[in-house]
file start.tsv (TSV, C-alpha atoms)
chain	number	residue	atom	x	y	z
A	1	MET	CA	195.43	120.87	34.22
A	2	LEU	CA	195.55	118.96	30.93
A	3	LYS	CA	192.08	117.54	31.64
A	4	VAL	CA	190.67	121.03	32.13
A	5	VAL	CA	192.32	122.33	28.95
A	6	GLY	CA	191.05	119.29	27.04
A	7	PHE	CA	187.52	119.91	28.25
A	8	TRP	CA	187.57	123.52	27.09
A	9	VAL	CA	189.00	122.54	23.71
A	10	CYS	CA	186.13	120.06	23.20
A	11	PHE	CA	183.62	122.59	24.49
A	12	THR	CA	184.90	125.27	22.07
A	13	VAL	CA	184.90	122.86	19.12
A	14	PHE	CA	181.29	121.82	19.88
A	15	TRP	CA	180.24	125.44	20.08
A	16	ALA	CA	181.98	126.31	16.81
A	17	VAL	CA	180.57	123.32	14.90
A	18	SER	CA	177.00	123.48	16.24
A	19	GLY	CA	176.70	127.25	16.16
A	20	GLN	CA	174.91	127.08	19.51
A	21	MET	CA	176.30	128.07	22.86
A	22	PRO	CA	175.69	125.32	25.46
A	23	HIS	CA	173.99	126.76	28.53
A	24	PRO	CA	172.17	125.53	31.62
A	25	LYS	CA	168.45	125.11	31.03
A	26	ALA	CA	166.03	127.30	32.93
A	27	SER	CA	163.87	124.19	33.45
A	28	PRO	CA	166.41	121.39	33.98
A	29	PRO	CA	165.55	117.79	33.08
A	30	ALA	CA	164.86	115.26	35.80
A	31	THR	CA	164.13	111.55	36.07
A	32	VAL	CA	162.29	109.91	38.94
A	33	VAL	CA	162.23	106.11	39.23
A	34	GLN	CA	160.07	104.31	41.77
A	35	THR	CA	159.54	100.60	42.39
A	36	VAL	CA	156.08	99.61	43.62
A	37	GLY	CA	155.96	95.92	44.45
A	38	PHE	CA	157.63	94.30	41.44
A	39	THR	CA	156.76	97.16	39.07
A	40	GLN	CA	159.19	99.90	38.08
A	41	ILE	CA	157.73	103.31	37.21
A	42	LYS	CA	159.85	106.00	35.54
A	43	VAL	CA	158.95	109.60	34.78
A	44	VAL	CA	161.19	111.84	32.66
A	45	TYR	CA	160.25	115.52	32.73
A	46	SER	CA	161.59	119.07	33.03
A	47	ARG	CA	161.26	121.24	36.12
A	48	PRO	CA	160.22	124.87	35.64
A	49	SER	CA	160.36	127.30	38.57
A	50	ALA	CA	157.75	129.84	39.52
A	51	ASN	CA	160.13	132.81	39.82
A	52	GLY	CA	157.41	134.95	41.36
A	53	ARG	CA	154.86	134.25	38.61
A	54	PRO	CA	151.27	133.12	39.22
A	55	ILE	CA	151.17	129.51	38.02
A	56	PHE	CA	147.81	127.82	37.43
A	57	GLY	CA	145.44	130.22	35.76
A	58	GLY	CA	148.47	132.37	34.91
A	59	LEU	CA	151.66	130.89	33.48
A	60	VAL	CA	149.70	127.66	32.91
A	61	PRO	CA	146.29	128.83	31.57
A	62	TYR	CA	143.11	127.09	32.61
A	63	GLY	CA	141.43	125.01	29.93
A	64	ARG	CA	144.49	124.60	27.74
A	65	ILE	CA	146.70	121.56	27.33
A	66	TRP	CA	149.80	121.51	29.57
A	67	ARG	CA	152.87	119.33	29.08
A	68	VAL	CA	153.20	118.62	32.85
A	69	GLY	CA	156.48	120.42	33.16
A	70	ALA	CA	158.49	122.24	30.50
A	71	ASN	CA	160.48	121.65	27.32
A	72	GLU	CA	159.90	118.16	25.90
A	73	SER	CA	156.75	116.22	26.69
A	74	THR	CA	156.69	114.33	29.98
A	75	LYS	CA	157.27	110.58	29.50
A	76	PHE	CA	155.76	107.94	31.82
A	77	THR	CA	157.14	104.38	31.57
A	78	ILE	CA	155.93	101.22	33.33
A	79	ASP	CA	157.54	97.79	32.95
A	80	GLN	CA	154.35	95.91	33.90
A	81	ASP	CA	150.62	96.49	33.50
A	82	VAL	CA	149.08	98.80	36.12
A	83	LYS	CA	145.87	100.62	36.96
A	84	LEU	CA	146.25	104.38	36.83
A	85	ALA	CA	143.36	106.31	38.36
A	86	GLY	CA	141.28	103.15	37.99
A	87	HIS	CA	142.06	102.66	34.29
A	88	ASP	CA	143.95	99.64	32.95
A	89	LEU	CA	147.27	100.65	31.41
A	90	LYS	CA	149.53	98.21	29.56
A	91	LYS	CA	153.27	98.25	30.15
A	92	GLY	CA	155.11	100.71	27.92
A	93	THR	CA	155.90	104.40	27.57
A	94	TYR	CA	153.30	107.15	27.35
A	95	VAL	CA	153.09	110.93	27.41
A	96	LEU	CA	151.40	112.72	30.29
A	97	TYR	CA	149.35	115.83	29.57
A	98	ALA	CA	146.87	117.78	31.66
A	99	PHE	CA	144.04	120.27	31.18
A	100	PRO	CA	144.07	122.27	34.42
A	101	GLU	CA	140.96	124.02	35.66
A	102	GLU	CA	140.33	125.77	38.96
A	103	LYS	CA	138.07	123.02	40.38
A	104	GLU	CA	138.97	119.90	38.36
A	105	TRP	CA	141.80	118.72	36.12
A	106	GLU	CA	141.69	116.30	33.24
A	107	ILE	CA	144.77	114.07	33.21
A	108	VAL	CA	145.65	112.64	29.80
A	109	VAL	CA	147.62	109.47	29.09
A	110	HIS	CA	148.64	109.86	25.46
A	111	ALA	CA	150.12	107.36	23.01
A	112	ASN	CA	151.99	109.62	20.56
A	113	LEU	CA	155.56	110.09	21.81
A	114	THR	CA	156.78	112.19	18.89
A	115	HIS	CA	155.33	115.61	19.80
A	116	TRP	CA	157.64	118.17	21.35
A	117	GLY	CA	156.10	119.78	24.40
A	118	ASP	CA	152.32	119.78	24.36
A	119	GLY	CA	152.07	119.22	20.60
A	120	ARG	CA	149.84	122.27	20.15
A	121	ASP	CA	148.13	121.97	16.75
A	122	ASN	CA	149.58	118.48	16.23
A	123	TYR	CA	147.95	117.08	19.38
A	124	ASN	CA	145.14	114.69	18.50
A	125	SER	CA	142.78	113.53	21.24
A	126	ASP	CA	142.09	110.37	19.20
A	127	GLU	CA	145.59	109.27	20.26
A	128	ASP	CA	144.72	109.52	23.96
A	129	VAL	CA	144.83	106.17	25.73
A	130	PHE	CA	142.38	107.57	28.28
A	131	ARG	CA	141.54	110.64	30.32
A	132	CYS	CA	140.63	110.87	33.98
A	133	THR	CA	139.44	113.64	36.25
A	134	VAL	CA	141.20	114.61	39.49
A	135	THR	CA	140.56	117.33	42.04
A	136	PRO	CA	143.51	119.64	42.76
A	137	GLN	CA	144.40	120.25	46.38
A	138	VAL	CA	145.40	123.67	47.70
A	139	VAL	CA	148.25	123.19	50.19
A	140	SER	CA	149.88	125.67	52.54
A	141	ASP	CA	153.49	124.76	51.69
A	142	TYR	CA	154.88	126.52	48.64
A	143	GLN	CA	156.67	124.45	45.97
A	144	GLU	CA	158.94	126.78	43.98
A	145	THR	CA	160.11	124.26	41.35
A	146	PHE	CA	157.62	121.87	39.76
A	147	GLU	CA	158.09	118.36	41.18
A	148	ILE	CA	156.83	114.88	40.38
A	149	SER	CA	157.25	112.29	43.14
A	150	PHE	CA	155.66	109.15	44.58
A	151	ASP	CA	154.08	108.85	48.01
A	152	ASN	CA	151.94	106.53	50.17
A	153	LEU	CA	153.87	103.51	48.93
A	154	THR	CA	152.64	100.00	49.67
A	155	HIS	CA	153.40	96.66	48.04
A	156	ASP	CA	150.35	97.15	45.84
A	157	SER	CA	149.90	100.87	45.27
A	158	ALA	CA	151.28	104.38	45.29
A	159	PHE	CA	150.27	107.93	44.47
A	160	MET	CA	152.05	109.85	41.74
A	161	VAL	CA	152.21	113.38	43.13
A	162	TRP	CA	152.56	116.62	41.16
A	163	ARG	CA	153.35	119.78	43.14
A	164	TRP	CA	153.85	123.37	42.05
A	165	ALA	CA	153.18	126.59	43.92
A	166	HIS	CA	150.26	125.83	46.29
A	167	THR	CA	148.73	123.12	44.07
A	168	LYS	CA	149.02	119.40	44.63
A	169	ILE	CA	147.71	116.62	42.38
A	170	GLU	CA	147.58	112.96	43.48
A	171	ILE	CA	147.05	110.19	40.92
A	172	PRO	CA	146.54	106.65	42.31
A	173	ILE	CA	148.46	103.75	40.80
A	174	GLU	CA	147.70	100.09	41.55
A	175	VAL	CA	149.91	97.10	40.72
A	176	ALA	CA	149.23	93.35	40.82
A	177	THR	CA	151.84	92.46	43.43
A	178	LEU	CA	149.67	90.04	45.43
A	179	LYS	CA	148.97	87.89	42.38
A	180	GLN	CA	152.65	87.93	41.43
A	181	MET	CA	153.77	87.19	44.98
A	182	LEU	CA	151.46	84.18	45.28
A	183	THR	CA	153.15	82.74	42.20
A	184	VAL	CA	156.59	83.45	43.68
A	185	ILE	CA	155.66	81.81	46.98
A	186	GLU	CA	154.23	78.70	45.30
A	187	SER	CA	157.33	78.38	43.17
A	188	ASN	CA	159.75	78.80	46.08
A	189	LEU	CA	157.94	76.44	48.42
A	190	SER	CA	157.39	73.71	45.84
A	191	GLY	CA	161.10	72.93	45.54
A	192	LYS	CA	163.46	72.67	48.50
A	193	PRO	CA	162.39	75.59	50.69
A	194	THR	CA	164.53	76.83	53.55
A	195	ALA	CA	163.39	78.09	56.92
A	196	GLN	CA	163.91	81.61	55.61
A	197	SER	CA	161.63	80.91	52.62
A	198	TYR	CA	158.80	79.88	54.95
A	199	TYR	CA	159.45	82.89	57.18
A	200	GLU	CA	159.40	85.38	54.29
A	201	ALA	CA	156.14	83.91	52.96
A	202	ALA	CA	154.57	84.12	56.44
A	203	ARG	CA	155.77	87.70	56.91
A	204	TYR	CA	154.38	88.76	53.53
A	205	PHE	CA	150.95	87.31	54.30
A	206	GLN	CA	150.96	88.99	57.72
A	207	GLU	CA	151.96	92.36	56.29
A	208	GLN	CA	149.24	92.11	53.65
A	209	GLN	CA	146.66	90.73	56.09
A	210	VAL	CA	145.80	87.80	53.80
A	211	GLN	CA	145.78	84.01	54.30
A	212	LEU	CA	146.70	84.31	57.99
A	213	GLU	CA	146.04	80.65	58.81
A	214	ARG	CA	148.45	79.71	56.05
A	215	ALA	CA	150.94	82.25	57.40
A	216	LEU	CA	150.82	80.58	60.82
A	217	VAL	CA	151.58	77.19	59.27
A	218	TYR	CA	154.54	78.70	57.42
A	219	VAL	CA	156.06	80.49	60.41
A	220	ASN	CA	155.76	77.33	62.52
A	221	ARG	CA	157.55	75.45	59.75
A	222	ALA	CA	160.27	78.12	59.76
A	223	LEU	CA	160.73	77.64	63.52
A	224	GLU	CA	160.89	73.86	63.14
A	225	MET	CA	163.55	74.09	60.45
A	226	GLY	CA	165.49	77.15	61.60
A	227	GLY	CA	165.19	77.03	65.37
A	228	ASP	CA	164.35	79.85	67.77
A	229	THR	CA	164.94	83.23	66.14
A	230	TYR	CA	163.72	86.52	67.55
A	231	TYR	CA	162.28	87.71	64.24
A	232	TYR	CA	160.54	84.38	63.55
A	233	HIS	CA	158.83	84.58	66.93
A	234	ARG	CA	158.09	88.28	66.34
A	235	VAL	CA	156.16	87.51	63.14
A	236	LYS	CA	154.42	84.56	64.79
A	237	SER	CA	153.22	86.86	67.58
A	238	LEU	CA	151.79	89.30	65.03
A	239	ILE	CA	149.99	86.53	63.13
A	240	LEU	CA	148.49	85.13	66.32
A	241	ALA	CA	147.28	88.58	67.34
A	242	ASP	CA	145.75	89.10	63.89
A	243	LEU	CA	143.92	85.78	64.37
A	244	GLY	CA	142.64	86.94	67.76
A	245	ASP	CA	144.72	84.52	69.87
A	246	PHE	CA	146.20	87.19	72.14
A	247	ARG	CA	147.33	84.83	74.90
A	248	GLU	CA	149.55	82.87	72.52
A	249	ALA	CA	150.61	86.12	70.82
A	250	VAL	CA	151.94	87.40	74.15
A	251	SER	CA	153.78	84.12	74.71
A	252	SER	CA	155.50	84.38	71.32
A	253	ALA	CA	156.28	88.06	71.88
A	254	LYS	CA	157.94	87.24	75.23
A	255	THR	CA	160.11	84.63	73.53
A	256	SER	CA	161.03	87.11	70.79
A	257	LEU	CA	161.83	89.75	73.41
A	258	GLN	CA	164.15	87.43	75.35
A	259	LEU	CA	166.03	86.34	72.22
A	260	ALA	CA	166.27	89.92	70.95
A	261	ASP	CA	167.60	91.11	74.33
A	262	ILE	CA	170.36	88.49	74.26
A	263	GLN	CA	171.47	89.75	70.84
A	264	GLY	CA	171.21	93.42	71.75
A	265	LYS	CA	168.33	94.10	69.34
A	266	ASP	CA	166.88	97.02	71.29
A	267	GLU	CA	164.30	97.95	68.66
A	268	PHE	CA	162.73	94.48	68.79
A	269	VAL	CA	162.79	94.55	72.59
A	270	ARG	CA	160.80	97.80	72.56
A	271	MET	CA	158.35	96.62	69.90
A	272	ASN	CA	157.66	93.38	71.74
A	273	LEU	CA	157.21	95.15	75.08
A	274	ALA	CA	154.68	97.52	73.50
A	275	ASN	CA	152.70	94.67	71.95
A	276	ILE	CA	152.72	92.61	75.13
A	277	GLU	CA	151.22	95.52	77.08
A	278	LYS	CA	148.59	96.07	74.37
A	279	TRP	CA	147.63	92.41	73.92
A	280	LYS	CA	147.47	91.59	77.66
A	281	THR	CA	144.32	93.70	77.89
A	282	LYS	CA	142.53	91.75	75.15
A	283	TRP	CA	142.05	88.28	76.60

call {"tool": "encode", "arguments": {"input": "start.tsv", "output": "structure tokens"}}
result
Amino acid sequence: MLKVVGFWVCFTVFWAVSGQMPHPKASPPATVVQTVGFTQIKVVYSRPSANGRPIFGGLVPYGRIWRVGANESTKFTIDQDVKLAGHDLKKGTYVLYAFPEEKEWEIVVHANLTHWGDGRDNYNSDEDVFRCTVTPQVVSDYQETFEISFDNLTHDSAFMVWRWAHTKIEIPIEVATLKQMLTVIESNLSGKPTAQSYYEAARYFQEQQVQLERALVYVNRALEMGGDTYYYHRVKSLILADLGDFREAVSSAKTSLQLADIQGKDEFVRMNLANIEKWKTKW
């Protein structure tokens, strides 16, 4: 009870001193953080709701700058260099603006972080880092509250997705994970690598469909050092299949299946069975 009373005392004092009544915001703030490869992306924005209003071409007029949300300007932060919509973008924090139109939108990456909202008369296009054009999609699902999210995630890329009402915008982002991962692999394998180190390097190459011959060497080294393991043999089977050696791929998959069955790893049993049936028709 004392805690509740204390809260209301502080609340009342704040109200009296500031002269403003604290209240929930109609467009509450939100933060979305997404890791893509080794790169962290953060967007801080506010989320207005439609509340029965027409949105693009109505509440958000065509041809006029939009803050990509409500209240303060929308901030976009990356901790490493990326490509956004094909444009090089250095690590740092930027403001996102947009100029919506019915057929095409201009997306703006802006350097001046000091403007509130869209900046209006203070906005200066000379401070744009770059602009790019995207085509809005009309989707059947209705999004009541404006949302920024990330989708189609891989080690090397993602789409930043804006959705409101029946409109969807997708902005591609690319990161240099492969280059970074090659450095990590070289560093880890140049010291005293473990069987797991070799396995993880082999699995990464297989997942990315690069340097498959090297991946096969690494997974064999993992098996030599670490012994028979169902997931080592599983990755070896996938590498062999990618290299077109389906007979040996089936052999490795059978070994993985047997080891997985002993340990009760039903998912790996099913995956290996499916691949064996598929690969048996290819030699």

call {"tool": "residues_near_point", "arguments": {"input": "start.tsv", "point": "(154.8, 97.9, 38.0)", "cutoff": "9 Å", "atoms": "all atoms listed in the file", "output": "list in words"}}
result
Thr35, Val36, Gly37, Phe38, Thr39, Gln40, Ile41, Ile78, Asp79, Gln80, Asp81, Val82, Lys91, Glu174, Val175, Ala176 and Thr177 of chain A

call {"tool": "closest_atom_pairs", "arguments": {"input": "start.tsv", "of": "segment 124-206 of chain A", "to": "segment 26-33 of chain A", "cutoff": "12 Å", "atoms": "all atoms listed in the file", "output": "Markdown table"}}
result
| residue | atom | partner | partner_atom | distance |
| --- | --- | --- | --- | --- |
| A:Glu144 | CA | A:Ser27 | CA | 11.9 |
| A:Thr145 | CA | A:Ser27 | CA | 8.7 |
| A:Phe146 | CA | A:Ser27 | CA | 9.2 |
| A:Glu147 | CA | A:Ala30 | CA | 9.2 |
| A:Ile148 | CA | A:Val32 | CA | 7.5 |
| A:Ser149 | CA | A:Val32 | CA | 7.0 |
| A:Phe150 | CA | A:Val32 | CA | 8.7 |
| A:Met160 | CA | A:Val32 | CA | 10.6 |
| A:Val161 | CA | A:Val32 | CA | 11.5 |

call {"tool": "write_last_selection", "arguments": {"input": "start.tsv", "atoms": "C-alpha atoms", "output": "PDB file, in the coordinates of the input"}}
result
ATOM      1  CA  GLU A 144     158.940 126.780  43.980  1.00  0.00           C
ATOM      2  CA  THR A 145     160.110 124.260  41.350  1.00  0.00           C
ATOM      3  CA  PHE A 146     157.620 121.870  39.760  1.00  0.00           C
ATOM      4  CA  GLU A 147     158.090 118.360  41.180  1.00  0.00           C
ATOM      5  CA  ILE A 148     156.830 114.880  40.380  1.00  0.00           C
ATOM      6  CA  SER A 149     157.250 112.290  43.140  1.00  0.00           C
ATOM      7  CA  PHE A 150     155.660 109.150  44.580  1.00  0.00           C
ATOM      8  CA  MET A 160     152.050 109.850  41.740  1.00  0.00           C
ATOM      9  CA  VAL A 161     152.210 113.380  43.130  1.00  0.00           C
TER      10      VAL A 161
END

call {"tool": "residues_around", "arguments": {"input": "start.tsv", "residues": "segment 262-269 of chain A", "least_positions_apart": "2", "cutoff": "12 Å", "atoms": "all atoms listed in the file", "output": "list in words"}}
result
Thr229, Tyr230, Tyr231, Tyr232, His233, Arg234, Val235, Ala253, Lys254, Thr255, Ser256, Leu257, Gln258, Leu259, Ala260, Met271, Asn272, Leu273, Ala274, Asn275 and Ile276 of chain A

call {"tool": "atom_distance", "arguments": {"input": "start.tsv", "atom1": "atom CA of Glu224 of chain A", "atom2": "atom CA of Leu240 of chain A"}}
result
17.1 Å

call {"tool": "residues_around", "arguments": {"input": "start.tsv", "residues": "Tyr45 of chain A", "least_positions_apart": "3", "cutoff": "8 Å", "atoms": "only C-alpha atoms", "output": "number ranges by chain"}}
result
A: 29-31, 68-70, 72-75

call {"tool": "atom_distance", "arguments": {"input": "start.tsv", "atom1": "atom CA of Lys282 of chain A", "atom2": "atom CA of Ala241 of chain A"}}
result
9.7 Å

call {"tool": "atom_distance", "arguments": {"input": "start.tsv", "atom1": "atom CA of Ser187 of chain A", "atom2": "atom CA of Val219 of chain A"}}
result
17.4 Å

call {"tool": "closest_residue", "arguments": {"input": "start.tsv", "among": "A:Lys25, A:Arg270, A:His110, A:Lys83", "to": "Phe159 of chain A", "atoms": "all atoms listed in the file"}}
result
A:Lys83

call {"tool": "residues_around", "arguments": {"input": "start.tsv", "residues": "Lys280 of chain A", "least_positions_apart": "5", "cutoff": "8 Å", "atoms": "only C-alpha atoms", "output": "CSV table (one decimal) with C-alpha atoms, keeping the file's coordinate frame"}}
result
chain,number,residue,atom,x,y,z
A,246,PHE,CA,146.2,87.2,72.1
A,247,ARG,CA,147.3,84.8,74.9
A,250,VAL,CA,151.9,87.4,74.2

call {"tool": "residues_around", "arguments": {"input": "start.tsv", "residues": "Leu189 of chain A", "least_positions_apart": "4", "cutoff": "12 Å", "atoms": "only C-alpha atoms", "output": "ChimeraX atom specification"}}
result
/A:182-185,193-202,218,221-222

call {"tool": "residues_around", "arguments": {"input": "start.tsv", "residues": "His87 of chain A", "least_positions_apart": "3", "cutoff": "12 Å", "atoms": "only C-alpha atoms", "output": "list in words"}}
result
Asp81, Val82, Lys83, Leu84, Lys90, Ile107, Val108, Val109, Val129, Phe130, Arg131, Cys132, Thr133, Ile171, Pro172, Ile173, Glu174 and Val175 of chain A
